[in-house]
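Note: the block below is data-v5.cif and it holds mmCIF, C-alpha atoms and all ligand atoms.
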data_target
loop_
_atom_site.label_atom_id
_atom_site.label_comp_id
_atom_site.auth_asym_id
_atom_site.auth_seq_id
_atom_site.Cartn_x
_atom_site.Cartn_y
_atom_site.Cartn_z
CA MET A 1 34.28 -11.23 2.25
CA SER A 2 33.42 -8.69 -0.45
CA THR A 3 34.99 -5.26 -0.11
CA LYS A 4 32.40 -3.64 -2.32
CA THR A 5 30.21 -0.89 -0.86
CA PRO A 6 26.72 -2.27 -0.22
CA LEU A 7 23.52 -1.47 -1.97
CA ILE A 8 21.33 -0.17 0.84
CA ILE A 9 17.54 -0.45 0.95
CA VAL A 10 15.69 1.62 3.55
CA GLY A 11 12.40 -0.04 4.46
CA ALA A 12 11.41 -3.67 5.06
CA GLY A 13 7.91 -3.62 3.61
CA ILE A 14 6.73 -5.32 0.43
CA ALA A 15 8.61 -2.77 -1.70
CA GLY A 16 11.93 -3.15 0.11
CA PHE A 17 11.84 -6.95 0.20
CA THR A 18 10.55 -7.35 -3.36
CA LEU A 19 13.44 -5.29 -4.62
CA ALA A 20 15.90 -7.11 -2.36
CA LYS A 21 14.79 -10.54 -3.62
CA LEU A 22 14.85 -9.60 -7.30
CA TRP A 23 18.19 -7.82 -7.00
CA ARG A 24 19.76 -10.70 -5.08
CA GLN A 25 18.67 -13.15 -7.82
CA ALA A 26 20.50 -11.00 -10.35
CA GLU A 27 23.50 -10.08 -8.16
CA PRO A 28 24.39 -13.08 -5.98
CA ASN A 29 27.54 -11.57 -4.44
CA HIS A 30 27.29 -7.81 -4.08
CA PRO A 31 26.81 -6.79 -0.41
CA LEU A 32 23.22 -5.90 0.47
CA MET A 33 22.01 -4.07 3.55
CA ILE A 34 18.40 -3.46 4.57
CA ILE A 35 17.79 -0.80 7.18
CA THR A 36 14.40 -0.51 8.83
CA GLN A 37 12.86 1.17 11.82
CA ASP A 38 10.63 -1.86 12.51
CA ASP A 39 11.45 -5.51 13.39
CA GLY A 40 12.34 -6.49 9.82
CA ASP A 41 9.98 -9.49 9.73
CA PHE A 42 8.01 -9.87 6.51
CA TYR A 43 4.22 -9.84 6.50
CA HIS A 44 1.73 -9.34 3.70
CA LYS A 45 0.18 -6.01 4.67
CA PRO A 46 -3.21 -6.56 2.95
CA LEU A 47 -3.85 -9.34 5.50
CA LEU A 48 -4.12 -6.79 8.30
CA SER A 49 -7.66 -5.78 7.33
CA VAL A 50 -8.94 -9.37 7.02
CA SER A 51 -7.00 -11.04 9.81
CA LEU A 52 -9.96 -11.75 12.10
CA THR A 53 -11.83 -13.65 9.39
CA LYS A 54 -8.64 -15.44 8.38
CA GLY A 55 -7.85 -16.33 12.01
CA LYS A 56 -4.51 -14.49 11.93
CA THR A 57 -2.97 -13.23 15.15
CA PRO A 58 -0.31 -10.53 14.85
CA ASP A 59 2.43 -13.16 15.22
CA ASN A 60 1.16 -15.65 12.68
CA THR A 61 0.65 -12.83 10.17
CA ILE A 62 4.45 -12.87 9.79
CA SER A 63 5.40 -15.11 6.89
CA GLU A 64 9.21 -14.74 7.02
CA TYR A 65 11.35 -13.79 9.97
CA LYS A 66 14.22 -11.34 9.74
CA LYS A 67 16.84 -13.98 10.54
CA ASP A 68 15.68 -16.29 7.74
CA LEU A 69 15.43 -13.37 5.33
CA ALA A 70 18.95 -12.25 6.16
CA ASN A 71 20.16 -15.78 5.41
CA SER A 72 18.23 -16.34 2.21
CA LEU A 73 19.07 -12.88 0.89
CA ASN A 74 22.66 -13.02 2.10
CA ALA A 75 21.99 -9.56 3.50
CA THR A 76 22.59 -7.57 6.65
CA ILE A 77 19.26 -6.45 8.07
CA LEU A 78 19.50 -3.65 10.61
CA THR A 79 16.27 -3.29 12.57
CA GLN A 80 15.00 -0.58 14.93
CA THR A 81 17.16 1.81 12.94
CA LYS A 82 15.75 5.01 11.53
CA ALA A 83 17.24 6.67 8.47
CA ILE A 84 17.43 10.38 9.16
CA ASP A 85 19.52 11.99 6.43
CA ILE A 86 21.41 11.42 3.18
CA GLN A 87 24.83 12.93 2.53
CA ASP A 88 24.53 12.45 -1.18
CA LYS A 89 27.91 13.93 -2.13
CA LYS A 90 29.67 11.40 0.14
CA LYS A 91 27.08 8.66 -0.59
CA VAL A 92 26.40 8.16 3.08
CA LEU A 93 23.10 7.28 4.73
CA VAL A 94 22.77 8.78 8.19
CA THR A 95 20.74 6.81 10.72
CA ASP A 96 20.08 7.07 14.43
CA ARG A 97 22.52 4.15 14.84
CA GLY A 98 25.40 5.37 12.74
CA ASP A 99 26.35 6.28 9.20
CA PHE A 100 26.51 3.82 6.29
CA LYS A 101 28.22 4.25 2.97
CA TYR A 102 26.21 3.06 -0.04
CA SER A 103 26.94 2.29 -3.66
CA LYS A 104 23.25 2.78 -4.49
CA LEU A 105 20.50 3.75 -2.06
CA ILE A 106 16.89 2.61 -2.46
CA ILE A 107 14.20 4.31 -0.42
CA ALA A 108 11.12 2.17 0.30
CA THR A 109 9.76 3.87 3.38
CA GLY A 110 6.03 3.60 2.63
CA SER A 111 3.43 6.18 3.56
CA THR A 112 1.69 7.22 6.72
CA PRO A 113 -2.01 7.38 7.68
CA LYS A 114 -3.76 10.74 7.51
CA LYS A 115 -5.10 11.86 10.86
CA LEU A 116 -7.95 14.11 11.85
CA PRO A 117 -6.53 16.52 14.47
CA HIS A 118 -9.64 16.43 16.67
CA LEU A 119 -9.60 12.61 16.95
CA THR A 120 -6.67 12.41 19.31
CA ASN A 121 -7.62 8.98 20.72
CA ALA A 122 -8.29 7.32 17.39
CA LEU A 123 -5.91 4.60 16.18
CA SER A 124 -4.85 3.68 12.65
CA LEU A 125 -4.06 0.41 10.91
CA ASN A 126 -1.06 0.66 8.61
CA THR A 127 1.56 -1.64 10.13
CA LEU A 128 1.85 -4.91 11.99
CA ASP A 129 2.75 -2.91 15.10
CA ASP A 130 -0.53 -0.97 14.72
CA TYR A 131 -2.31 -4.30 14.50
CA ARG A 132 -0.61 -5.58 17.66
CA VAL A 133 -2.06 -2.59 19.50
CA LEU A 134 -5.48 -2.72 17.84
CA ARG A 135 -6.24 -6.43 18.00
CA PRO A 136 -6.86 -6.73 21.78
CA LEU A 137 -8.73 -3.42 21.79
CA MET A 138 -11.01 -4.61 18.97
CA GLU A 139 -11.72 -7.81 20.86
CA LYS A 140 -12.53 -5.92 24.05
CA ALA A 141 -14.67 -3.10 22.63
CA ASP A 142 -18.45 -3.44 22.32
CA THR A 143 -18.78 -0.49 19.96
CA ILE A 144 -16.27 0.44 17.27
CA ASN A 145 -16.38 3.56 15.09
CA ILE A 146 -14.40 3.36 11.88
CA ILE A 147 -13.82 6.80 10.40
CA GLY A 148 -13.42 6.61 6.63
CA ALA A 149 -15.11 4.27 4.17
CA GLY A 150 -12.21 3.73 1.80
CA LEU A 151 -10.62 0.37 1.09
CA VAL A 152 -9.15 -0.16 4.58
CA GLY A 153 -12.25 1.16 6.43
CA CYS A 154 -14.66 -1.04 4.45
CA GLU A 155 -12.45 -4.13 4.70
CA LEU A 156 -12.02 -3.67 8.42
CA ALA A 157 -15.76 -3.17 8.97
CA ASN A 158 -16.44 -6.40 7.06
CA ASP A 159 -13.76 -8.22 9.05
CA LEU A 160 -15.13 -7.00 12.38
CA LEU A 161 -18.56 -8.40 11.58
CA SER A 162 -17.22 -11.77 12.71
CA LEU A 163 -16.84 -10.42 16.29
CA ASN A 164 -20.55 -9.51 16.67
CA LYS A 165 -19.89 -5.94 17.81
CA THR A 166 -21.64 -2.68 17.02
CA ILE A 167 -19.68 -1.48 14.00
CA ARG A 168 -20.25 2.05 12.72
CA LEU A 169 -18.71 3.13 9.45
CA VAL A 170 -18.47 6.90 9.27
CA SER A 171 -18.10 8.65 5.94
CA ASP A 172 -18.04 12.27 4.80
CA VAL A 173 -19.34 11.21 1.37
CA PRO A 174 -22.51 9.28 0.50
CA CYS A 175 -20.77 6.25 -1.01
CA PRO A 176 -18.02 3.93 0.20
CA LEU A 177 -14.86 3.48 -1.90
CA SER A 178 -15.50 6.86 -3.51
CA GLY A 179 -12.69 7.80 -5.86
CA LEU A 180 -12.05 4.10 -6.49
CA VAL A 181 -15.36 2.71 -7.74
CA PRO A 182 -18.23 4.41 -9.61
CA SER A 183 -21.21 5.25 -7.39
CA PRO A 184 -23.61 2.38 -8.38
CA ILE A 185 -21.06 -0.11 -7.06
CA GLY A 186 -20.37 2.00 -3.97
CA GLU A 187 -24.13 2.22 -3.28
CA ALA A 188 -24.53 -1.53 -3.63
CA LEU A 189 -21.61 -2.14 -1.27
CA LYS A 190 -23.12 0.26 1.25
CA ASP A 191 -26.53 -1.48 1.06
CA ALA A 192 -24.91 -4.89 1.53
CA MET A 193 -22.85 -3.74 4.50
CA VAL A 194 -25.89 -2.14 6.17
CA GLU A 195 -27.92 -5.30 5.56
CA ALA A 196 -25.14 -7.33 7.19
CA GLY A 197 -25.35 -5.15 10.31
CA ILE A 198 -22.75 -2.41 9.80
CA GLU A 199 -24.20 0.97 10.79
CA TRP A 200 -23.57 3.74 8.25
CA TYR A 201 -23.11 7.34 9.41
CA GLU A 202 -22.65 10.49 7.38
CA SER A 203 -22.81 12.64 10.51
CA THR A 204 -21.05 12.48 13.86
CA PRO A 205 -21.63 9.02 15.34
CA PRO A 206 -22.25 8.30 19.03
CA GLU A 207 -19.16 7.79 21.19
CA ALA A 208 -17.64 4.33 20.88
CA ASP A 209 -15.33 2.18 22.99
CA LEU A 210 -12.81 2.27 20.17
CA THR A 211 -12.34 4.65 17.23
CA ILE A 212 -10.23 3.68 14.24
CA GLN A 213 -9.23 6.25 11.63
CA ALA A 214 -8.96 5.05 8.05
CA ILE A 215 -9.16 8.27 6.08
CA GLY A 216 -6.33 7.51 3.68
CA LEU A 217 -2.58 7.66 3.42
CA GLN A 218 -0.18 10.49 2.89
CA HIS A 219 3.43 11.00 2.07
CA ALA A 220 5.61 10.53 5.15
CA PRO A 221 8.34 13.16 5.60
CA ALA A 222 11.24 12.23 3.29
CA ILE A 223 14.53 11.14 4.87
CA SER A 224 16.40 14.13 3.49
CA ASP A 225 15.43 17.71 2.67
CA ALA A 226 17.59 17.41 -0.43
CA LEU A 227 15.15 14.91 -1.96
CA ALA A 228 12.64 16.40 -4.39
CA VAL A 229 9.13 15.61 -3.18
CA SER A 230 5.57 16.37 -4.19
CA PRO A 231 2.53 16.20 -1.88
CA ASN A 232 2.21 12.55 -3.01
CA GLY A 233 5.69 11.24 -2.50
CA ILE A 234 9.35 11.28 -3.39
CA ILE A 235 9.57 12.37 -7.01
CA VAL A 236 11.22 9.76 -9.21
CA ASP A 237 11.52 9.50 -12.96
CA ALA A 238 10.32 6.55 -15.03
CA HIS A 239 13.45 4.62 -13.95
CA GLY A 240 12.72 5.16 -10.28
CA LYS A 241 15.61 7.65 -9.87
CA THR A 242 15.29 10.55 -7.46
CA ASN A 243 16.96 13.92 -8.03
CA LEU A 244 20.01 12.69 -6.04
CA ALA A 245 22.65 10.63 -7.86
CA ASP A 246 22.41 6.89 -7.15
CA VAL A 247 19.33 7.31 -4.95
CA TYR A 248 16.11 5.58 -6.02
CA ALA A 249 12.63 5.19 -4.50
CA LEU A 250 9.75 2.76 -4.96
CA GLY A 251 6.52 1.59 -3.36
CA ASP A 252 4.05 3.72 -1.42
CA CYS A 253 6.63 6.47 -0.84
CA ALA A 254 7.32 7.15 -4.54
CA GLU A 255 5.63 9.33 -7.12
CA VAL A 256 6.76 7.63 -10.31
CA HIS A 257 6.72 9.93 -13.34
CA GLY A 258 3.88 11.91 -11.74
CA VAL A 259 1.83 8.92 -10.53
CA THR A 260 1.59 7.50 -6.99
CA LEU A 261 -0.11 4.10 -6.78
CA ARG A 262 -0.33 2.79 -3.23
CA TYR A 263 -1.06 -0.85 -4.06
CA ILE A 264 0.80 -4.13 -4.20
CA GLY A 265 0.61 -4.66 -7.97
CA PRO A 266 2.68 -1.64 -9.01
CA ILE A 267 5.47 -2.50 -6.56
CA ARG A 268 6.54 -5.61 -8.47
CA GLN A 269 6.57 -3.72 -11.78
CA GLN A 270 8.65 -0.95 -10.23
CA ALA A 271 11.08 -3.41 -8.65
CA GLN A 272 11.55 -5.45 -11.83
CA ALA A 273 12.42 -2.38 -13.89
CA MET A 274 14.56 -0.88 -11.12
CA VAL A 275 16.70 -4.01 -10.81
CA GLN A 276 17.49 -3.81 -14.52
CA THR A 277 18.38 -0.14 -14.17
CA LEU A 278 20.59 -0.90 -11.15
CA LEU A 279 22.37 -3.55 -13.21
CA GLY A 280 23.18 -0.96 -15.86
CA ASN A 281 20.33 -1.65 -18.30
CA PRO A 282 18.15 1.46 -17.91
CA THR A 283 14.55 0.21 -17.97
CA GLU A 284 11.45 2.35 -17.71
CA ILE A 285 8.79 1.33 -15.22
CA SER A 286 5.57 0.38 -16.97
CA TYR A 287 2.35 -1.08 -15.67
CA PRO A 288 -0.09 -3.54 -17.14
CA ALA A 289 -3.68 -2.63 -16.21
CA LEU A 290 -3.70 -3.61 -12.52
CA PRO A 291 -7.00 -4.49 -10.82
CA THR A 292 -7.62 -3.85 -7.12
CA VAL A 293 -9.74 -6.22 -5.05
CA ALA A 294 -11.81 -4.94 -2.12
CA LYS A 295 -11.88 -7.72 0.46
CA THR A 296 -15.51 -7.05 1.37
CA PRO A 297 -17.35 -10.40 1.47
CA THR A 298 -20.72 -8.67 2.05
CA PHE A 299 -20.35 -7.40 -1.54
CA PRO A 300 -17.04 -8.28 -3.23
CA VAL A 301 -15.59 -5.66 -5.55
CA VAL A 302 -12.88 -5.77 -8.23
CA VAL A 303 -11.94 -2.54 -9.92
CA CYS A 304 -9.45 -1.64 -12.58
CA ARG A 305 -9.73 2.10 -12.89
CA HIS A 306 -7.39 3.97 -15.16
CA PRO A 307 -5.06 5.88 -12.82
CA TRP A 308 -4.95 9.17 -14.68
CA ILE A 309 -7.63 9.17 -17.41
CA LYS A 310 -10.93 10.16 -15.84
CA GLY A 311 -13.03 8.56 -18.58
CA ARG A 312 -16.74 7.82 -18.50
CA TRP A 313 -18.38 4.92 -16.65
CA GLU A 314 -21.28 2.88 -18.02
CA VAL A 315 -23.38 0.22 -16.35
CA ILE A 316 -23.19 -2.84 -18.63
CA SER A 317 -25.36 -5.09 -16.49
CA ASP A 318 -26.95 -5.00 -13.06
CA HIS A 319 -28.89 -8.26 -13.16
CA ASP A 320 -26.54 -10.43 -11.14
CA GLY A 321 -24.15 -8.08 -9.38
CA ILE A 322 -23.03 -4.93 -11.17
CA GLN A 323 -20.76 -4.80 -14.20
CA MET A 324 -19.44 -1.39 -15.22
CA GLU A 325 -16.93 -0.32 -17.82
CA GLN A 326 -14.80 2.80 -18.19
CA PHE A 327 -14.20 4.42 -21.60
CA ASP A 328 -11.86 7.18 -22.72
CA ASP A 329 -13.01 10.08 -24.91
CA GLN A 330 -12.45 7.96 -28.03
CA ASN A 331 -14.76 5.28 -26.61
CA LYS A 332 -11.89 2.91 -26.02
CA LEU A 333 -12.35 0.53 -23.07
CA ILE A 334 -9.84 1.53 -20.38
CA GLY A 335 -11.26 0.10 -17.15
CA PHE A 336 -13.87 -1.97 -15.40
CA ALA A 337 -15.55 -2.19 -12.02
CA LEU A 338 -17.37 -5.32 -10.91
CA GLY A 339 -19.48 -5.86 -7.79
CA GLY A 340 -21.13 -8.93 -6.24
CA ASN A 341 -21.45 -11.97 -8.51
CA ALA A 342 -20.23 -9.90 -11.47
CA THR A 343 -16.70 -10.13 -10.01
CA GLN A 344 -16.57 -13.53 -11.75
CA LEU A 345 -16.33 -11.66 -15.06
CA ARG A 346 -12.92 -10.29 -14.13
CA MET A 347 -10.92 -12.70 -16.31
CA GLN A 348 -12.72 -11.64 -19.48
CA TYR A 349 -11.00 -8.24 -19.49
CA GLN A 350 -7.80 -7.54 -21.41
CA LEU A 351 -7.07 -3.86 -21.00
CA PRO A 352 -4.37 -1.68 -22.52
CA ALA A 353 -1.30 -1.17 -20.34
CA TRP A 354 -0.91 2.06 -18.39
CA SER A 355 1.97 3.66 -20.20
CA LEU A 356 3.61 6.28 -18.01
CA MET A 357 5.45 7.68 -21.02
CA GLU A 358 2.19 8.47 -22.82
CA LYS A 359 0.94 10.47 -19.89
C1 LIG B 401 -4.84 -2.62 5.99
C2 LIG B 401 -4.32 -2.51 4.59
C3 LIG B 401 -4.85 -3.31 3.60
C4 LIG B 401 -4.37 -3.23 2.30
N1 LIG B 401 -4.92 -4.03 1.34
C5 LIG B 401 -4.43 -3.98 0.09
C6 LIG B 401 -4.94 -4.85 -0.92
O1 LIG B 401 -5.85 -5.64 -0.69
N2 LIG B 401 -4.39 -4.79 -2.16
C7 LIG B 401 -3.37 -3.91 -2.46
O2 LIG B 401 -2.91 -3.91 -3.60
N3 LIG B 401 -2.87 -3.07 -1.53
C8 LIG B 401 -3.37 -3.10 -0.27
N4 LIG B 401 -2.85 -2.25 0.69
C9 LIG B 401 -1.74 -1.36 0.32
C10 LIG B 401 -0.41 -2.12 0.32
O3 LIG B 401 -0.34 -2.96 1.45
C11 LIG B 401 0.76 -1.13 0.29
O4 LIG B 401 0.70 -0.45 -0.96
C12 LIG B 401 2.14 -1.79 0.42
O5 LIG B 401 2.18 -2.71 1.48
C13 LIG B 401 3.20 -0.70 0.61
O6 LIG B 401 4.44 -1.32 0.76
P1 LIG B 401 5.77 -0.43 0.99
O7 LIG B 401 6.87 -1.42 1.16
O8 LIG B 401 5.88 0.63 -0.03
O9 LIG B 401 5.52 0.35 2.37
P2 LIG B 401 5.42 -0.20 3.87
O10 LIG B 401 4.85 -1.56 3.92
O11 LIG B 401 4.76 0.87 4.64
O12 LIG B 401 6.93 -0.35 4.34
C14 LIG B 401 7.70 0.77 4.70
C15 LIG B 401 8.92 0.29 5.46
O13 LIG B 401 9.79 1.39 5.66
C16 LIG B 401 10.19 1.44 7.03
N5 LIG B 401 10.54 2.84 7.30
C17 LIG B 401 9.77 3.94 7.14
N6 LIG B 401 10.47 5.05 7.40
C18 LIG B 401 11.72 4.65 7.74
C19 LIG B 401 12.92 5.34 8.12
N7 LIG B 401 13.01 6.68 8.17
N8 LIG B 401 14.02 4.61 8.42
C20 LIG B 401 13.98 3.23 8.35
N9 LIG B 401 12.88 2.54 8.00
C21 LIG B 401 11.77 3.24 7.68
C22 LIG B 401 9.00 0.88 7.77
O14 LIG B 401 9.33 0.45 9.08
C23 LIG B 401 8.63 -0.28 6.84
O15 LIG B 401 9.48 -1.38 7.07
C24 LIG B 401 -3.34 -2.31 2.00
C25 LIG B 401 -2.82 -1.46 3.00
C26 LIG B 401 -3.30 -1.57 4.28
C27 LIG B 401 -2.73 -0.69 5.36
#

When written as structure tokens, how does the structure in this file appear?
Amino acid sequence: MSTKTPLIIVGAGIAGFTLAKLWRQAEPNHPLMIITQDDGDFYHKPLLSVSLTKGKTPDNTISEYKKDLANSLNATILTQTKAIDIQDKKKVLVTDRGDFKYSKLIIATGSTPKKLPHLTNALSLNTLDDYRVLRPLMEKADTINIIGAGLVGCELANDLLSLNKTIRLVSDVPCPLSGLVPSPIGEALKDAMVEAGIEWYESTPPEADLTIQAIGLQHAPAISDALAVSPNGIIVDAHGKTNLADVYALGDCAEVHGVTLRYIGPIRQQAQAMVQTLLGNPTEISYPALPTVAKTPTFPVVVCRHPWIKGRWEVISDHDGIQMEQFDDQNKLIGFALGGNATQLRMQYQLPAWSLMEK
């Protein structure tokens, strides 16, 4: 048995497990502990908004169980355990089930859905446990209001079409996916959803049997007041390091060198660089241009929008779907957005990487 102090990861989402797997490959023997407030089973979160169409129940959404993960990772996984403080001078993580000494601490605690205070009965979809609650309610309800026409709201509305219910998508802006796709693609998505039977509201909708809020995510309160945070997440540098010695953060909870990207693609890049840094080879996190897919079969969308350069969008073609490109102020191609049949053009794009250090 190793007497070394474990590396501790808080959070058993895609960020926590991606880091755990990569780190274990590089460090076969060092003790590893994963601490999470949920059940510790692994599921691919993007499935939650397409599970009806894919025939996934909450249980068969799980792809790896905690016990198998603990074996394959040679790790201790503590579930139903909430991290509540960090004593950084002593290198101790405080939880509601005891204190744990760490050699390095990785925070991967995700983010939390924004809530409208007046919608007290509305539910959100951000975790498998949320889905366990929502699934029977969605099946039972005749009318469902979805508040928010972002990625999760639109995907869920598309998914619910398969249940033949009255689905109302409620937005405070005229176009879905605003902030992610340029308006011609948002308009086309809206038209396709309405044609497929989703009702679109920009004003208060009638009462429904079930209301789901999908108005975006926000930074969850950080484990410790000593951690430097911004409104978007735990502030980390380009190596993923927080302001506390030997404490790192990645995934939805982290603002990496001023940028928070709450998607799957960036997590792998962050974890790969962080493992190198943990091994003593300081490596800056960098991102290739990472496209996002909206799982909206009524009008599929793929977008690769530069995360911090606003740029200018141009329609390249709208004959068979919509093809748009994003240019910087030197007319260099920095992004694309494709809707409908034009999504097939995705592979033709080779975009410059998003270099955090050039920001
Ligand atoms: C419905 C839906 C669809 C999505 N679709 C896509 C998509 O198509 N493409 C895409 O790129 N992205 C998509 N995303 C976003 C993507 O899923 C997230 O960016 C990613 O899963 C975040 O992973 P994470 O590990 O950082 O956080 P999470 O998955 O939220 O994991 C956080 C973990 O931390 C634990 N935790 C939190 N606080 C504590 C604490 N104090 N103590 C102990 N444990 C704690 C939680 O229990 C959990 O295990 C989608 C998101 C949702 C909700």

For a quick check of understanding, using all atoms listed in the file, which of A:Leu338, A:Val301, A:Ile62, A:Cys253 has the smallest distance to ligand LIG 401 (chain B)? A:Cys253

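Using all atoms listed in the file, the residues found no farther than 8 Å from Ile198 in chain A, other than those of its own chain fewer than 5 positions away, are Ala157, Asn158, Leu161, Thr166, Ile167, Arg168, Leu169 and Met193 of chain A.
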
Give me the residues of chain A that have any atom at most 8 Å from an atom of ligand LIG 401 (chain B); for each, the nearest atom pair and the distance in Å, rounded to one decimal. Use all atoms listed in the file, sort by chain and number, and format it as CSV.
residue,atom,partner,partner_atom,distance
A:Val10,CA,B:LIG401,N9,5.3
A:Gly11,CA,B:LIG401,O13,3.2
A:Ala12,CA,B:LIG401,O15,3.6
A:Gly13,CA,B:LIG401,O7,3.5
A:Ile14,CA,B:LIG401,O7,4.0
A:Ala15,CA,B:LIG401,O7,3.6
A:Gly16,CA,B:LIG401,O7,5.4
A:Phe17,CA,B:LIG401,O7,7.5
A:Ile35,CA,B:LIG401,C20,5.7
A:Thr36,CA,B:LIG401,N9,3.5
A:Gln37,CA,B:LIG401,N9,4.1
A:Asp38,CA,B:LIG401,O14,4.3
A:Asp39,CA,B:LIG401,O14,7.7
A:Gly40,CA,B:LIG401,O15,6.5
A:His44,CA,B:LIG401,O5,7.0
A:Lys45,CA,B:LIG401,O3,4.5
A:Pro46,CA,B:LIG401,N1,3.5
A:Leu47,CA,B:LIG401,C3,6.4
A:Leu48,CA,B:LIG401,C1,4.8
A:Ser49,CA,B:LIG401,C1,4.4
A:Val50,CA,B:LIG401,C1,8.0
A:Gln80,CA,B:LIG401,C20,7.7
A:Thr81,CA,B:LIG401,C20,5.8
A:Lys82,CA,B:LIG401,N8,3.6
A:Ala83,CA,B:LIG401,N8,3.8
A:Ile84,CA,B:LIG401,N7,5.8
A:Thr95,CA,B:LIG401,N8,7.4
A:Ala108,CA,B:LIG401,O8,5.5
A:Thr109,CA,B:LIG401,O13,3.4
A:Gly110,CA,B:LIG401,O9,3.3
A:Ser111,CA,B:LIG401,O11,5.6
A:Thr112,CA,B:LIG401,O11,7.4
A:Leu125,CA,B:LIG401,C27,5.8
A:Asn126,CA,B:LIG401,C27,3.9
A:Thr127,CA,B:LIG401,C27,6.5
A:Leu151,CA,B:LIG401,N1,7.2
A:Val152,CA,B:LIG401,C1,5.2
A:Glu155,CA,B:LIG401,C3,7.7
A:Leu156,CA,B:LIG401,C1,7.7
A:Ala220,CA,B:LIG401,N6,7.7
A:Ala222,CA,B:LIG401,N7,7.6
A:Ile223,CA,B:LIG401,N7,5.8
A:Leu250,CA,B:LIG401,O8,6.6
A:Gly251,CA,B:LIG401,O8,3.5
A:Asp252,CA,B:LIG401,O8,3.9
A:Cys253,CA,B:LIG401,O8,5.9
A:Leu261,CA,B:LIG401,O4,7.4
A:Arg262,CA,B:LIG401,O4,4.1
A:Tyr263,CA,B:LIG401,O4,3.6
A:Ile264,CA,B:LIG401,O2,3.8
A:Gly265,CA,B:LIG401,O2,5.7
A:Ile267,CA,B:LIG401,O8,7.3
A:Thr292,CA,B:LIG401,O2,5.9
A:Val293,CA,B:LIG401,O1,5.9
A:Ala294,CA,B:LIG401,O1,6.2
A:Lys295,CA,B:LIG401,O1,6.5

Could you pull the residues within 7 Å of range 65-68 of chain A, counting all atoms listed in the file, minus those fewer than 2 positions along the same chain, as a ChimeraX atom specification? /A:40-42,62-63,70-72

Would you please work out which residue, of A:Thr61, A:Gln213, A:Thr18, A:Asn243, is nearest to Leu227 in chain A when using only C-alpha atoms? A:Asn243

From the options A:Val92, A:Thr283, A:Ile215, A:Thr260, which residue's atoms come nearest to Leu177 in chain A, counting all atoms listed in the file? A:Ile215

Measuring between all atoms listed in the file, which one of A:Val133, A:Ala196, A:Val275, A:Val181 shows the shortest distance to Arg305 in chain A? A:Val181

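When CA of Ile8 in chain A is paired with CA of Ser230 in chain A, their separation reads 23.4 Å.
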
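The list of residues with at least one atom within 9 Å of Ala122 in chain A, based on all atoms listed in the file and without residues fewer than 6 positions apart in the same chain, reads Lys115, Leu116, Ile147, Leu210, Thr211, Ile212 and Gln213 of chain A.
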
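Here CA of Ile86 in chain A stands at a distance of 5.7 Å from CA of Ser224 in chain A.
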
Please fill the gaps in range 294-304 of chain A so it has N, CA and C atoms, and write that as a PDB file, keeping the file's coordinate frame.
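Produced file out.pdb, reproduced below:
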ATOM      1  N   ALA A 294     -11.374  -5.325  -3.473  1.00  0.00           N
ATOM      2  CA  ALA A 294     -11.810  -4.940  -2.120  1.00  0.00           C
ATOM      3  C   ALA A 294     -12.235  -6.207  -1.409  1.00  0.00           C
ATOM      4  N   LYS A 295     -11.597  -6.478  -0.268  1.00  0.00           N
ATOM      5  CA  LYS A 295     -11.880  -7.720   0.460  1.00  0.00           C
ATOM      6  C   LYS A 295     -13.103  -7.500   1.348  1.00  0.00           C
ATOM      7  N   THR A 296     -14.243  -7.369   0.701  1.00  0.00           N
ATOM      8  CA  THR A 296     -15.510  -7.050   1.370  1.00  0.00           C
ATOM      9  C   THR A 296     -16.520  -8.157   1.055  1.00  0.00           C
ATOM     10  N   PRO A 297     -16.494  -9.257   1.818  1.00  0.00           N
ATOM     11  CA  PRO A 297     -17.350 -10.400   1.470  1.00  0.00           C
ATOM     12  C   PRO A 297     -18.845 -10.059   1.426  1.00  0.00           C
ATOM     13  N   THR A 298     -19.286  -9.026   2.137  1.00  0.00           N
ATOM     14  CA  THR A 298     -20.720  -8.670   2.050  1.00  0.00           C
ATOM     15  C   THR A 298     -21.089  -8.284   0.617  1.00  0.00           C
ATOM     16  N   PHE A 299     -20.154  -7.750  -0.126  1.00  0.00           N
ATOM     17  CA  PHE A 299     -20.350  -7.400  -1.540  1.00  0.00           C
ATOM     18  C   PHE A 299     -18.954  -7.251  -2.145  1.00  0.00           C
ATOM     19  N   PRO A 300     -18.413  -8.349  -2.690  1.00  0.00           N
ATOM     20  CA  PRO A 300     -17.040  -8.280  -3.230  1.00  0.00           C
ATOM     21  C   PRO A 300     -16.943  -7.285  -4.389  1.00  0.00           C
ATOM     22  N   VAL A 301     -15.792  -6.669  -4.493  1.00  0.00           N
ATOM     23  CA  VAL A 301     -15.590  -5.660  -5.550  1.00  0.00           C
ATOM     24  C   VAL A 301     -14.215  -5.880  -6.182  1.00  0.00           C
ATOM     25  N   VAL A 302     -14.170  -5.813  -7.512  1.00  0.00           N
ATOM     26  CA  VAL A 302     -12.880  -5.770  -8.230  1.00  0.00           C
ATOM     27  C   VAL A 302     -12.947  -4.555  -9.141  1.00  0.00           C
ATOM     28  N   VAL A 303     -11.926  -3.740  -9.076  1.00  0.00           N
ATOM     29  CA  VAL A 303     -11.940  -2.540  -9.920  1.00  0.00           C
ATOM     30  C   VAL A 303     -10.589  -2.359 -10.584  1.00  0.00           C
ATOM     31  N   CYS A 304     -10.654  -1.978 -11.848  1.00  0.00           N
ATOM     32  CA  CYS A 304      -9.450  -1.640 -12.580  1.00  0.00           C
ATOM     33  C   CYS A 304      -9.723  -0.289 -13.222  1.00  0.00           C
TER      34      CYS A 304
END
